[in-house]
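First up is the structure itself, then whatever we jot down about it.
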Number of protein chains: 2
Amino acid sequence: MDAAVQRATALTSADRAFETLRTQIVEGELAPGAPLAEVEQATRLGVSRTPVREAFARLIAAGLAIERGPRSLVVSHIDAGDVTALFDLRRALDEQAARLAAARAAADPVTARDFADLADRFRAVTPSTLAADDPQRHGYYALVAEFDAALDAALTRSPYLAAAIASTRVHLARVRRLARDDDARLAASAAEHGAIARAIADGDGERAAAATRLHLHEALTSIHRHLPPAAPSSTAAPTKEHA
Amino acid sequence: MDAAVQRATALTSADRAFETLRTQIVEGELAPGAPLAEVEQATRLGVSRTPVREAFARLIAAGLAIERGPRSLVVSHIDAGDVTALFDLRRALDEQAARLAAARAAADPVTARDFADLADRFRAVTPSTLAADDPQRHGYYALVAEFDAALDAALTRSPYLAAAIASTRVHLARVRRLARDDDARLAASAAEHGAIARAIADGDGERAAAATRLHLHEALTSIHRHLPPAAPSSTAAPTKEHA
DNA sequence: CATGCTCTCAATGTATACATTGAGTGTTCC
DNA sequence: GGAACACTCAATGTATACATTGAGAGCATG
């Protein structure tokens with residue numbers, strides 16, 4: 001009964017500091033390259049250095065901050081080259097996830113119905129429904145979030161893969177903010193998601209993987225069209241996560 | 001120029017604490033399920049709680065420790081179900097890595113030669129060379145480490161993928177310790193590695209991916225043969241990484 | 001005037017003191 | 001005798017004091 005209350009208060013200062021910093025980095029409030037100093041952030045967030053240190057450690061683990069030099073932490077950069085690199089990972093993860101989800105749907109009617117339902121809802125997305133009083137397209141992104149949640153639910157047996165996918169999503173959120181999709185792309189993306197969901201619902205792993213690959217190719221192409229084209233090989237080592 | 005010297009002295013207490021704990025967990029010295037208490041480990045490692053806290057945070061991020069309850073940290077478990085889940089991720093990552101490495105080898109003669117060289121050395125591995133005064137098979141595992149390093153070198157343009165692969169290797173080290181390979185398996189593994197390296201050297205991405213898939217299937221099968229077969233679905237949520 | 005050296009200082013790395021919370025135990029009451 | 005309550009205590013969460021190190025400014029010298 002008091003579980004909900006307890007959970008609300010069980011968030012530590014370190015949790016809040018991490019959440020705040022993560023959000024501000026993803027939203028661009030803390031710009032790439034911005035220095036992250038313990039005392040400064042501690043003052044700003046109204047906590048001591050200890051939880052800030054822990055938050056910084058988590059930011060590094062998530063790839064949102066990188067150590068520049070021995071005593072300098074900065075918000076990690078993200079540019080066109082990074083997006084390509086990120087999609088190199090995403091393709092590997094999402095195709096496999098689609099295969100496994102399809103396998104699960106073939107054995108589990110509940111999963112199959114969930115994805116069939118999602119497929120229908122993605123197909124219902126049209127440029128006209130998109131434009132309906134939703135300048136930020138929250139409705140569409142909420143649907144994508146539901147798709148992600150369904151994928152997670154289908155991957156309970158593959159927690160390592162699920163965790164890796166989760167770790168890419170925060171980076172994708174940053175990319176999404178860099179290159180806002182236009183309505184045409186969003187409508188196409190909906191159709192692609194629908195195709196993936198339908199293939200999963202049908203239990204057809206290879207089709208789901210193929211649909212995923214197609215979707216990622218289109219998404220990456222669209223992003224690069226909207227992004228300043230950084231020189232392909234000049235930016236050498238963009239991000240470096242845990243050792 | 002002076003980077004190497006600087007790096008040697010730049011190791012902090014937190015780094016050493018993490019390295020020590022990581023090694024002891026991988027080696028089995030700290031058994032799965034063992035509680036990780038700050039004061040106890042601080043005393044044992046001869047440092048204060050602060051660096052230990054940081055080390056714990058990194059262990060959690062690496063998936064070597066999980067929070068059991070609000071104030072209880074334990075060494076993460078790893079069993080047959082986990083191995084399957086880990087390989088679900090590994091297959092995705094390693095196949096993609098093989099494809100990308102092959103693409104790089106096709107464009108970069110140095111990469112191609114490195115893998116061609118590795119392929120020859122893997123093919124030179126036979127049961128007789130394995131048995132030569134090396135009960136722990138350090139020589140063979142060193143060769144595998146060289147293969148991994150070559151893969152990393154080929155993936156400089158895909159740092160996200162490289163980081164994800166790196167994060168799987170520590171878990172694989174744990175698995176390797178659980179189920180020591182016999183000589184026959186090691187010789188077969190060498191042949192499989194050789195096939196992968198040769199395909200990469202030839203710039204044939206799909207062949208490299210196929211060889212990788214085959215290798216992982218054989219490796220997983222071998223591991224399960226040597227492991228107590230945990231019930232498939234009883235062990236629910238093994239590891240949970242960063243949010 | 002440029003270059004190099006030193007000194008200061010600010011930031012991180014570490015240790016420790018204080019706050020808080022949850023579990024376990026012992027006692028008391030029904 | 002059993003159950004519930006309160007208390008102790010130990011562990012984590014947080015804050016802060018101390019140590020250390022690297023960077024930058026300022027000065028001196030060639």
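Chain labels follow the order of the structure tokens: the first chain is A, the next B, and so on; residue numbering restarts at 1 in every chain, and ligands are counted from 1 in their shown order.
Applying a distance limit of 7 Å to only C-alpha atoms, the residues of chain A near chain B read Glu54, Ala61, Ala85, Leu86, Asp88, Leu89, Ala92, Leu93, Gln96, Arg157, Ser158, Pro159, Tyr160, Leu161, Ala163, Thr239, Lys240 and Glu241 of chain A.
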Could you go through stretch 127-239 of chain B and tell me which residues DSSP, when run on the backbone, assigns to alpha helix (DSSP H), listing them as a PyMOL selection string? chain B and resi 127-130+138-154+159-178+183-201+205-226
Please, what distance in Å, to one decimal, runs between atom CA of A:Asp183 and atom CA of A:Ala199? 24.4 Å
Who sits within 10 Å of C:DC18, only C-alpha atoms (C1' of nucleotides), same chain under 2 positions skipped, as a PyMOL selection string: (chain C and resi 16+20) or (chain D and resi 14-16)
Resulting file, chosen residues, N, CA, C and O atoms (P, O5', C5', C4', C3', O3' and C1' of nucleotides), as a JSON list (two decimals), in the first residue's frame:
[["chain", "number", "residue", "atom", "x", "y", "z"],
["C", 16, "DT", "P", 40.28, 7.91, 7.29],
["C", 16, "DT", "O5'", 39.06, 8.77, 7.90],
["C", 16, "DT", "C5'", 39.25, 10.16, 8.11],
["C", 16, "DT", "C4'", 37.94, 10.87, 8.37],
["C", 16, "DT", "C3'", 37.00, 10.16, 9.36],
["C", 16, "DT", "O3'", 36.46, 11.14, 10.23],
["C", 16, "DT", "C1'", 35.84, 10.74, 7.44],
["C", 20, "DT", "P", 18.44, 13.31, 8.87],
["C", 20, "DT", "O5'", 18.25, 11.86, 8.24],
["C", 20, "DT", "C5'", 18.69, 11.60, 6.91],
["C", 20, "DT", "C4'", 18.41, 10.16, 6.53],
["C", 20, "DT", "C3'", 17.11, 9.58, 7.12],
["C", 20, "DT", "O3'", 16.48, 8.82, 6.12],
["C", 20, "DT", "C1'", 18.92, 8.18, 7.67],
["D", 14, "DT", "P", 21.85, 10.25, -1.45],
["D", 14, "DT", "O5'", 22.67, 11.24, -0.51],
["D", 14, "DT", "C5'", 22.01, 11.85, 0.58],
["D", 14, "DT", "C4'", 22.98, 12.67, 1.39],
["D", 14, "DT", "C3'", 23.76, 13.73, 0.60],
["D", 14, "DT", "O3'", 23.30, 15.00, 1.03],
["D", 14, "DT", "C1'", 25.15, 12.57, 2.17],
["D", 15, "DA", "P", 23.85, 16.32, 0.33],
["D", 15, "DA", "O5'", 25.00, 16.75, 1.34],
["D", 15, "DA", "C5'", 24.68, 16.90, 2.70],
["D", 15, "DA", "C4'", 25.92, 17.17, 3.53],
["D", 15, "DA", "C3'", 26.84, 18.28, 3.01],
["D", 15, "DA", "O3'", 27.07, 19.22, 4.05],
["D", 15, "DA", "C1'", 28.10, 16.31, 3.42],
["D", 16, "DT", "P", 27.76, 20.59, 3.68],
["D", 16, "DT", "O5'", 29.27, 20.35, 4.16],
["D", 16, "DT", "C5'", 29.48, 19.78, 5.45],
["D", 16, "DT", "C4'", 30.91, 19.32, 5.62],
["D", 16, "DT", "C3'", 31.99, 20.29, 5.12],
["D", 16, "DT", "O3'", 33.03, 20.31, 6.08],
["D", 16, "DT", "C1'", 32.40, 18.18, 4.26]]
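DSSP, applied to the backbone of this structure, assigns strand (DSSP E or B) to the following residues of stretch 34-132 of chain A: Pro35, Ala65, Ile66, Glu67, Leu73, Val74 and Val75 of chain A.
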